[in-house]
Every structure is written in structure tokens, then in C-alpha cells.
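Working notes for the structure below.
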Amino acid sequence: MNDRNYPINAARAWMLGAALCLLTGGAAYGDVVGRLHIAVKDADTEKPAAGAAVTLHDTANVRPDVTLKTDASGDAVSPPLENHAWEVSTSGDSFETDHRTITVAADTTTNVEVLLEPKTEKVIKIKDSRNLIRQSQTAAATQRNRDFLNKYPATAGNPQSLPKLLITNPGFVESSVNVVHPRGEHASTSIYLDGLALPGALQGRAGALLSPEAIQSADILTGGYAPEYGSETAAILNLTLRAGTIAPLRTFSLQGGEYGTFDGGVTFGGQGGPTLTPGVEGPAPKRFRYLIDLNTRSTDNALEPPQPDDQTAHNFGRSTTLFGKFDYIANDRNTFGVTLNAAPAETQIANRAGLPGKYATVGQGFGYGGARSADGTIVQDAGSPDALGSGTIALPSQQAAGQDIVQTDTNNFGMINLRHTFSDTVTGLFGIGGSHSGLDLHNHSPSINPNSFNPDGTLTQTDNSIEFNPTLNRVYDQTEFQGSVTASLKSHTFKAGFELQEQRGNESYQFVPQSQLALDALAAVDTRLAPAGTIQTDGEGNTVTDVLGNPVYLATPGAKTPTLQVHRSGYYRAAYVQDTWSVNKRFTLNYGLRLDSYHQKQEPSEGEDNSITKTELSPRINASYLLAKGTVGRLSFNHLFTQPPLAQGAIVGTAIKPETLDQYDASVEHQIGSNQTVKMAYYYKNIRNQDDTGILIPYTQIGAYTTLNYQYASVHGFELSYDLAPKNNVGFGGYIAYANSLAKAGGVDQSGGPAPEINDHDQRNTISAGVSYTLPTQASVGMDVYYGSGEESSTLGSIYGANSNVLDGGKRHDHSRVNLRLASSPTMIDGKVGVKLDIENIFDSRDVLNFNSGFSGTRFEQGRRVLLTVGGKF
């Protein structure tokens with residue numbers, strides 16, 4: 001079988017296999033919905049209460065109320081419900097009404113016991129409670145919703161930032177340039193929208209992919225994955241998107257503040273067409289639902305800057321998110337949906353403007369990689385003092401020299417889906433979609449004379465703070481077809497599904513070196529990126545190296561820097577079968593198999609083609625057990641397959657191996673009273689071919705990234721979380737998320753060099769916490785805190801191996817940030833408009849986040865930002 005026919009034949013085989021799965025697996029609903037099994041009893045006798053009325057109210061105000069009647073056994077089973085909070089009211093002729101709030105668990109039937117108090121003449125009992133623990137959920141998960149976003153200022157500085165929301169969950173380490181590290185891995189996070197997997201996006205993007213404003217609720221999963229979840233498995237974001245509400249929705253928001261920050265948005269939605277429930281007074285649910293969210297943001301302090309003081313040095317950013325969701329309920333059996341999203345962004349690459357004198361011995365941000373001090377010296381305590389570049393070379397900073405590099409991002413996706421109900425217990429979800437991702441670097445920097453040489457053949461410009469004049473273009477298009485079917489049969493929920501994804505992309509790279517040290521570094525990465533030339537040798541034939549340790553590369557006079565192009569094509573395919581078995585009222589077991597297959601072919605304009613194909617069968621088993629009333633224990637074993645992210649290989653055009661791992665999870669969760677939960681968790685990962693993303697050309701910060709495979713790695717950690725929900729949305733609320741972890745690597749990387757012992761994104765201790773207080777008018781005050789004990793890349797040392805200086809004893813540098821929000825009643829002005837004051841980073845902490853990091857270079861915490869927001873209905 002030749003290579004060009006292989007993907008086509010494989011696709012046919014996978015489509016046939018997926019069809020067989022669907023035909024043999026029954027049918028079901030999508031993975032953002034679940035069911036409730038409500039058992040109603042007399043509180044005095046504990047006998048079944050037949051004929052009790054159960055009403056389910058959607059807190060998102062999208063679906064009409066669902067009414068049920070209990071059977072002779074006192075049982076009632078709901079239709080599929082979205083996995084967010086539902087208000088459940090249960091009543092009977094001779095009983096007091098029971099009110100409670102229950103959060104639905106996806107892809108399973110949650111058992112709820114309701115004990116109704118008999119009515120008496122002397123005593124009237126009113127029962128109002130919340131079921132905060134999803135007993136039948138077997139995954140390691142935390143849920144965040146719109147109430148959380150409104151109360152806590154986690155995203156105050158950037159309402160478009162999904163990473164800022166993620167770090168409120170235990171196990172997520174905040175880094176820089178829009179990246180969070182889930183449970184010891186670089187990123188590798190899959191996003192599911194209303195039950196359908198979203199294709200991956202480019203690594204290194206500066207703008208948003210999806211705004212939190214489009215999210216109704218988020219299940220943030222970090223372990224105990226059901227077989228339906230895959231692709232990238234460091235974390236799973238199972239998102240329920242906002243939808244058109246029964247009552248028309250029209251809101252606006254205008255925000256302005258320090259660093260020239262402006263954010264403006266408008267959201268409008270509603271329902272139209274024929275009424276679903278004729279005869280209902282007031283607004284009634286209709287067949288067509290729509291929600292559109294538009295947002296734009298600009299600021300002079302877009303990303304974490306490379307110095308603590310001049311944070312606006314060429315650091316302007318502008319980003320926009322355009323989101324639309326449209327649903328049509330054709331009949332009782334079929335609902336069609338369309339989701340569209342565009343998120344363009346333009347971001348300046350922040351310039352080095354010079355670090356304080358403290359950093360003189362390890363580099364103040366001048367010269368290549370920022371390794372020179374302000375007076376132009378490079379500190380050496382070993383190596384050759386005569387190496388090229390070792391002398392004193394006084395240079396202006398990147399900012400003073402006029403470096404002007406701009407990155408543009410394109411992140412667009414669209415999805416069409418069909419939810420079909422086959423019967424009361426059988427439904428299905430099918431979808432087709434695609435994405436278009438682009439990342440470009442545009443250069444407007446001054447240029448040196450590339451044909452000015454010293455007598456020995458080296459460039460006369462030995463060093464320069466402007467390292468390269470880059471032109472980079474990366475464009476990827478992905479299409480996918482996916483579907484699932486599930487049967488809810490008594491104590492079992494069977495599910496089978498598939499995902500077929502085609503990937504194709506083109507990349508082009510040109511890095512025009514602006515000094516000899518930059519030319520040497522470029523040739524050391526890949527000689528195909530450098531002008532034609534040779535390696536310099538001494539009289540004895542030994543390779544001559546520069547102060548950085550790279551071989552000195554002599555460019556041929558008149559040779560131009562080439563543009564290296566790479567075409568990539570491939571696929572990702574998966575199929576799974578699973579069962580969620582309610583063994584009894586205490587014990588729930590989820591188990592099954594997932595088959596993943598990945599193929600990627602690289603075709604560079606220079607050099608040989610190469611490809612990789614890998615298929616893996618992954619068993620998974622996840623369990624939850626009700627240890628006592630309000631206390632659930634969970635155990636799981638997952639074998640996982642992670643497809644590589646959209647980033648070029650260690651050598652441009654080289655295929656990246658998929659990561660595989662075994663993950664073990666154990667946790668205990670307990671509900672305290674009606675509004676508090678506490679959870680303890682431990683996990684361990686044993687990883688092979690770990691994917692780690694870093695800078696393509698070491699020590700630069702110009703937005704060009706690469707991905708490496710580490711031969712093996714391991715991560716283990718302990719997590720503790722606490723959540724306090726305000727009663728009836730009034731009073732105190734709060735959360736705490738603490739994690740202690742260790743991320744190690746070993747063996748060799750993809751280029752054949754040794755892997756680091758500790759991953760550069762390892763952080764031992766992470767705390768995220770918040771507290772809020774809400775008045776009956778819904779005016780509120782909220783505060784949140786983030787503390788990190790420091791990534792491995794936060795130690796202060798030089799990029800030069802010949803300089804062993806380290807500052808502050810070589811210790812990691814912790815960082816912290818406190819945010820504050822004061823919000824008026826949302827109806828303070830004319831009954832429609834409210835005001836918010838947000839202070840991001842109250843104490844103006846400007847701690848070092850990364851120093852000469854392999855991923856993001858040198859980055860510091862962004863300074864205090866005071867923001868005023870006016871928003872409401874119109």
C-alpha cells in the first residue's frame with residue numbers, strides 16, 4: 001500500500017468501524033446532558049409517594065419547565081437535561097413542598113432522594129436544600145458558571161481570558177503568554193462545546209480562542225475521563241454554551257482603565273417562531289433560539305512584559321471575539337444547531353527595554369538573548385575569553401533600536417449539529433465542523449547590512465539586541481465529523497461514538513539574522529533556515545564556537561536568507577464504547593475502551609519528507625462510591641493517548657510523536673450543610689513521549705514555537721479544594737484551590753539531547769482563592785488571590801553556559817496577585833444598568849514569572865490595572 005493511498009483507505013475503514021459502533025451501541029444523548037432519577041418518599045414512613053408532582057426549572061432560562069409524576073414506586077426519570085443547575089420542586093396533596101437545586105452530571109443518571117414531610121395542622125415545615133455533590137459523576141471535575149464569573153474578578157483584567165478562569169481550578173499553574181499548565185503538562189487541553197469536540201488551535205497564539213462570555217457553565221476535568229473524552233488529555237473543558245433565553249436578552253458592557261485598556265461588548269438573544277407550549281401566559285418557549293455575543297478589547301499592556309518597569313514597550317494588543325449560537329427545534333425528535341465563532345487578534349511582540357542593575361551579572365536584556373549588561377559586558381567565569389562575542393559591546397535595547405514585530409492571529413471555527421431522539425431512553429448527537437487557524441509574524445524593524453563582513457568571514461555586526469527580522473506564516477485548516485449514541489436502560493447508560501478529523505496546513509519561515517551571534521544560533525537550529533555557508537574551523541580542523549557555545553557559521557557573501565516552507569497533512573480518528581453502570585444507590589462505575597489513531601506527514605521544501613502513524617487502544621475504568629451521606633469517594637485508572645499540538649517539530653518539518661500515559665486518580669468529596677463542599681485528591685501520571693512546547697530559536701521571544709518529545713516523564717500531586725455557595729445567591733461565598741505537585745522528565749528529547757530532569761513549567765505549590773459577599777439587591781464585593789511558589793523557569797541565571805552566576809541563591813521566585821471587585825446592583829441606574837470597579841493586582845506586584853524560559857523567555861507580572869465598567873440591559 002503506497003503512502004498516498006493509506007489515509008484514504010484508513011478513512012474508509014474508520015468510517016465503517018464508526019458506523020458499526022453506532023449500529024451496535026444503541027443510542028444516547030450528547031455529553032453535556034444527563035438525567036435525574038428522583039425517588040420520592042414519605043419522610044415519616046419512608047414509603048414511596050406515588051403521584052407526587054415534580055417540576056424541573058432551568059436556571060439558564062432557556063428551556064421550559066419539565067413536569068413529571070412519580071409512579072407507584074415513587075420514582076420519576078427526567079428526559080435529558082443540560083449539565084448545569086436545575087431547580088427541583090416536589091409536592092403532593094398531603095405533603096409540604098420540597099425545593100432544592102441539583103446540578104446534573106453529564107452522561108449518567110443521577111439518583112436523587114426526596115423525603116416529603118407530611119402536612120400537619122400545628123407544624124409547617126419548609127425544606128429548601130441544594131445537592132452540590134454529583135454522586136454519580138466519576139470524573140475529577142470542578143464546575144464554574146456565570147454566577148462565579150460575575151462574583152469573582154478572576155478575569156477582571158481581561159474578560160476574554162479563558163486561562164484566567166481555569167486557574168481557579170486545582171491543578172492549573174498560571175504561566176505567561178496566555179498559557180496555563182494543567183497537572184504538570186504544558187497545555188494539551190481539549191475543548192468540548194455542547195457535547196462536540198472542538199479542533200485544536202495553534203500554540204503561541206496571543207489572542208483568545210473562545211470568550212468566557214459565551215459560556216453558561218464549564219465542567220473542568222483533570223482526570224477520571226470517560227472513554228468519550230480524548231484527543232488532548234492533560235485537561236478536558238466540557239463547556240455548555242449560552243443559548244437564547246425565553247425572555248429576550250439584550251445587554252451591553254463598556255470598560256476602561258489603566259494602560260489604555262478598553263473593553264466593549266454586546267450580547268443579545270432570545271427565541272422566535274412557533275410556540276412550544278401554547279396557552280402559557282407571558283413569554284413562552286419557542287422553536288428558534290439565538291444568542292450573539294460581540295466583544296472587542298485593546299490595551300497597551302497586552303502580554304506579560306520582559307521587564308518589570310517599562311511594561312508598555314511595544315506591547316499593544318487588540319483582539320475581538322464574535323460568537324453566535326443558533327438552535328431550531330424542528331419537532332419533538334430533532335433539534336438542529338449552528339455555532340459560529342471568530343477571534344482575530346493583533347499583538348505587538350513586547351520589546352526588551354532593559355532590566356534593573358540587579359540583573360547585571362546574568363544579563364540586563366541587551367544583545368542576543370538579553371544576555372549583556374547595560375554597559376555591554378558579558379560575565380564569564382569559564383570558557384574561552386577570546387570566543388566570538390565575549391568582549392564588551394555597548395548596544396541599545398530592542399526598544400531603543402526600534403524593533404517592531406507584530407503577530408496576527410486568526411482563530412475561526414464553525415459547527416453544525418443534530419440532536420435526535422429515537423425514544424424516551426435513546427437519543428443521539430451528530431456534528432460536522434471545521435476550523436481555520438492562522439499565525440503570522442510581520443516585521444518592520446530596521447535591518448543591518450547582510451553583506452558587511454570581517455576579514456575572517458564573520459558579519460561585522462557581532463551582536464545586536466534585535467536578533468532577527470522574521471517573516472513567519474502558519475495556516476491550518478481542520479474538518480471533522482463526529483457522532484455519539486447512547487441508551488439509558490435501567491441502571492446502565494451505554495454510549496458509543498466516533499470522531500474523524502482531517503488536518504492540513506502550510507508553514508513558512510524566514511529569520512534574517514541581525515548579528516553573527518544570531519546567525520550562529522539560527523544555523524545551530526537548522527541550516528536550512530540559514531543562508532548558504534560553512535562552519536568555521538581553526539588551523540587544526542576543530543570547530544570554532546562563539547560565546548554562546550554555537551558553532552561559528554560563515555555565510556557565503558551575497559547569499560540570502562532562505563524561506564523554508566513545510567506542508568503538513570494528516571488525520572486524527574477515534575472510536576469508543578462505554579457504560580456508566582449504577583450498580584446500586586451508592587456505587588457508580590464507568591468503564592470502556594477508546595481507540596485513537598494519529599497520522600501526520602511533513603513535506604518540507606528542503607530536506608526529506610517524514611511521517612508518523614500511531615494507533616493505541618486505551619482501557620479506562622472510573623468509579624464513585626457514596627461512603628456516607630454527603631461523602632463520595634472516587635477511584636480511576638485511565639490509559640490516555642494525546643495527539644500532538646499544532647506546532648512545528650523540534651527540527652522544522654519533523655513529525656511529533658503522540659504522547660501516551662497511564663493516569664491514576666483518587667479523591668474524597670464531602671458536602672457540609674446545604675452550601676459547602678470540600679474535596680481532597682491525589683493523582684499520578686506515568687508518561688511516554690511527553691509533548692512540551694518551547695521557543696523555536698533559543699532565547700528569543702519573537703512568537704515562533706516548536707514542540708519536543710521527552711522520552712519519559714512523571715507527574716504526581718495532591719489537591720485540596722473548598723467551595724462555599726451563597727444561600728439563595730445572597731450572603732458569603734468563597735472558594736479555595738490548593739495543589740502540591742512535582743513534574744519530572746527524563747531520557748532524551750526528540751533532537752537527541754538530554755531531557756531536563758525537572759520540567760521548566762513545574763511549580764510545587766499553587767493556591768487560588770476567593771471570597772465574595774452579595775446583598776439582596778445583588779450588589780456585591782468580591783476578591784480573589786493567586787499564589788504560585790514559582791516555576792522551574794523562574795530562577796535567575798544567564799543563558800551562557802560559561803556564566804555560572806545565579807541570583808538570589810538560585811531559588812525559584814514566587815509570585816502573587818490580588819484582585820478586587822466592587823459591583824453595584826445590576827439595576828442601580830434606571831432599573832437596568834449597573835457599575836463595577838475592578839482593581840487587578842491591587843498591590844502592583846511585578847514578580848518575575850519566567851527568566852530565560854525555554855517557552856516564553858523572560859516575563860514579569862503585569863502591574864496594577866484599575867478598571868471601571870458600566871453595563872446592563874438595553
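By convention in this document, the chains of the C-alpha cells carry letters A, B, ... by their order, each chain's residues are numbered from 1, and ligands are numbered from 1 in the order they are shown.
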Residues within 10 Å of Tyr625 in chain A, only C-alpha atoms, excluding chain neighbours under 5 positions, as number ranges by chain: A: 135-138, 583-589, 631-635, 668
For Ser582 in chain A: contacts at 10 Å, only C-alpha atoms, fewer than 5 positions along chain excluded, given as an MDAnalysis selection string: chainID A and resid 108:111 136 490:493 587:590 623:624
Close residues, range 467-479 of chain A itself excluded, 6 Å, only C-alpha atoms, min 3 positions apart in chain, as a PyMOL selection string: chain A and resi 368+433-443+501-514+518
Now that the selection is made, can you save its residues with N, CA and C atoms as a PDB file, in the first residue's frame?
ATOM      1  N   TYR A 368      22.084  39.637  22.070  1.00  0.00           N
ATOM      2  CA  TYR A 368      21.352  38.420  21.741  1.00  0.00           C
ATOM      3  C   TYR A 368      20.869  37.731  23.014  1.00  0.00           C
ATOM      4  N   GLY A 433     -17.993  19.914  11.470  1.00  0.00           N
ATOM      5  CA  GLY A 433     -17.457  21.241  11.726  1.00  0.00           C
ATOM      6  C   GLY A 433     -16.087  21.419  11.129  1.00  0.00           C
ATOM      7  N   GLY A 434     -15.564  22.594  11.298  1.00  0.00           N
ATOM      8  CA  GLY A 434     -14.244  22.898  10.790  1.00  0.00           C
ATOM      9  C   GLY A 434     -13.660  24.097  11.490  1.00  0.00           C
ATOM     10  N   SER A 435     -12.352  24.252  11.363  1.00  0.00           N
ATOM     11  CA  SER A 435     -11.680  25.390  11.963  1.00  0.00           C
ATOM     12  C   SER A 435     -10.603  25.897  11.013  1.00  0.00           C
ATOM     13  N   HIS A 436     -10.320  27.175  11.134  1.00  0.00           N
ATOM     14  CA  HIS A 436      -9.245  27.816  10.376  1.00  0.00           C
ATOM     15  C   HIS A 436      -8.391  28.583  11.372  1.00  0.00           C
ATOM     16  N   SER A 437      -7.116  28.221  11.462  1.00  0.00           N
ATOM     17  CA  SER A 437      -6.207  28.861  12.409  1.00  0.00           C
ATOM     18  C   SER A 437      -5.026  29.450  11.647  1.00  0.00           C
ATOM     19  N   GLY A 438      -4.648  30.643  12.010  1.00  0.00           N
ATOM     20  CA  GLY A 438      -3.508  31.269  11.375  1.00  0.00           C
ATOM     21  C   GLY A 438      -2.685  32.063  12.368  1.00  0.00           C
ATOM     22  N   LEU A 439      -1.374  32.093  12.160  1.00  0.00           N
ATOM     23  CA  LEU A 439      -0.473  32.876  12.997  1.00  0.00           C
ATOM     24  C   LEU A 439       0.606  33.444  12.077  1.00  0.00           C
ATOM     25  N   ASP A 440       0.728  34.756  12.043  1.00  0.00           N
ATOM     26  CA  ASP A 440       1.703  35.427  11.176  1.00  0.00           C
ATOM     27  C   ASP A 440       2.557  36.374  11.997  1.00  0.00           C
ATOM     28  N   LEU A 441       3.831  36.450  11.642  1.00  0.00           N
ATOM     29  CA  LEU A 441       4.722  37.466  12.187  1.00  0.00           C
ATOM     30  C   LEU A 441       5.071  38.441  11.074  1.00  0.00           C
ATOM     31  N   HIS A 442       4.855  39.730  11.340  1.00  0.00           N
ATOM     32  CA  HIS A 442       5.157  40.783  10.372  1.00  0.00           C
ATOM     33  C   HIS A 442       6.277  41.643  10.939  1.00  0.00           C
ATOM     34  N   ASN A 443       7.316  41.852  10.143  1.00  0.00           N
ATOM     35  CA  ASN A 443       8.485  42.581  10.614  1.00  0.00           C
ATOM     36  C   ASN A 443       8.565  43.972  10.008  1.00  0.00           C
ATOM     37  N   GLN A 501     -11.205  13.367  12.057  1.00  0.00           N
ATOM     38  CA  GLN A 501     -10.669  14.708  11.886  1.00  0.00           C
ATOM     39  C   GLN A 501      -9.558  14.692  10.841  1.00  0.00           C
ATOM     40  N   GLU A 502      -9.668  15.581   9.871  1.00  0.00           N
ATOM     41  CA  GLU A 502      -8.643  15.754   8.843  1.00  0.00           C
ATOM     42  C   GLU A 502      -7.898  17.053   9.114  1.00  0.00           C
ATOM     43  N   GLN A 503      -6.579  17.010   8.985  1.00  0.00           N
ATOM     44  CA  GLN A 503      -5.748  18.166   9.284  1.00  0.00           C
ATOM     45  C   GLN A 503      -4.836  18.469   8.100  1.00  0.00           C
ATOM     46  N   ARG A 504      -4.707  19.731   7.762  1.00  0.00           N
ATOM     47  CA  ARG A 504      -3.782  20.123   6.709  1.00  0.00           C
ATOM     48  C   ARG A 504      -3.319  21.551   7.003  1.00  0.00           C
ATOM     49  N   GLY A 505      -2.043  21.797   6.693  1.00  0.00           N
ATOM     50  CA  GLY A 505      -1.522  23.117   6.987  1.00  0.00           C
ATOM     51  C   GLY A 505      -0.267  23.421   6.205  1.00  0.00           C
ATOM     52  N   ASN A 506       0.028  24.700   6.123  1.00  0.00           N
ATOM     53  CA  ASN A 506       1.233  25.173   5.466  1.00  0.00           C
ATOM     54  C   ASN A 506       1.947  26.144   6.391  1.00  0.00           C
ATOM     55  N   GLU A 507       3.272  26.000   6.450  1.00  0.00           N
ATOM     56  CA  GLU A 507       4.090  26.863   7.278  1.00  0.00           C
ATOM     57  C   GLU A 507       5.227  27.416   6.427  1.00  0.00           C
ATOM     58  N   SER A 508       5.616  28.654   6.676  1.00  0.00           N
ATOM     59  CA  SER A 508       6.797  29.215   6.027  1.00  0.00           C
ATOM     60  C   SER A 508       7.571  30.033   7.050  1.00  0.00           C
ATOM     61  N   TYR A 509       8.906  29.904   6.989  1.00  0.00           N
ATOM     62  CA  TYR A 509       9.778  30.528   7.979  1.00  0.00           C
ATOM     63  C   TYR A 509      10.922  31.254   7.279  1.00  0.00           C
ATOM     64  N   GLN A 510      11.119  32.498   7.643  1.00  0.00           N
ATOM     65  CA  GLN A 510      12.322  33.228   7.246  1.00  0.00           C
ATOM     66  C   GLN A 510      12.757  34.085   8.421  1.00  0.00           C
ATOM     67  N   PHE A 511      13.971  33.833   8.904  1.00  0.00           N
ATOM     68  CA  PHE A 511      14.530  34.591  10.012  1.00  0.00           C
ATOM     69  C   PHE A 511      15.839  35.214   9.525  1.00  0.00           C
ATOM     70  N   VAL A 512      15.808  36.499   9.212  1.00  0.00           N
ATOM     71  CA  VAL A 512      17.008  37.184   8.719  1.00  0.00           C
ATOM     72  C   VAL A 512      17.838  37.600   9.926  1.00  0.00           C
ATOM     73  N   PRO A 513      19.023  36.991  10.141  1.00  0.00           N
ATOM     74  CA  PRO A 513      19.817  37.295  11.344  1.00  0.00           C
ATOM     75  C   PRO A 513      20.372  38.705  11.298  1.00  0.00           C
ATOM     76  N   GLN A 514      20.364  39.351  12.471  1.00  0.00           N
ATOM     77  CA  GLN A 514      20.824  40.726  12.568  1.00  0.00           C
ATOM     78  C   GLN A 514      22.158  40.838  13.298  1.00  0.00           C
ATOM     79  N   ALA A 518      23.394  35.796  16.179  1.00  0.00           N
ATOM     80  CA  ALA A 518      22.079  35.326  15.736  1.00  0.00           C
ATOM     81  C   ALA A 518      22.215  34.339  14.586  1.00  0.00           C
TER      82      ALA A 518
END
All residues 12 Å or closer to Pro283 in chain A, only C-alpha atoms, same chain fewer than 6 positions away omitted, as number ranges by chain: A: 61-64, 245-248, 270-272, 275-277
Secondary structure check, strand (DSSP E or B) residues of range 262-445 of chain A, as an MDAnalysis selection string: chainID A and resid 262:275 286:299 317:329 334:342 345:348 366 372 388 405:421 426:443
Exercise: range 388-390 of chain A partners within 8 Å, only C-alpha atoms, chain neighbours under 6 positions left out, as JSON, numbers by chain: {"A": [377, 378, 462, 463, 517, 545, 546, 547]}
Who sits within 7 Å of range 391-408 of chain A, only C-alpha atoms, same chain under 2 positions skipped, as a PyMOL selection string: chain A and resi 313+345-349+351-354+366-367+375-378+389+410+439-446+464-466
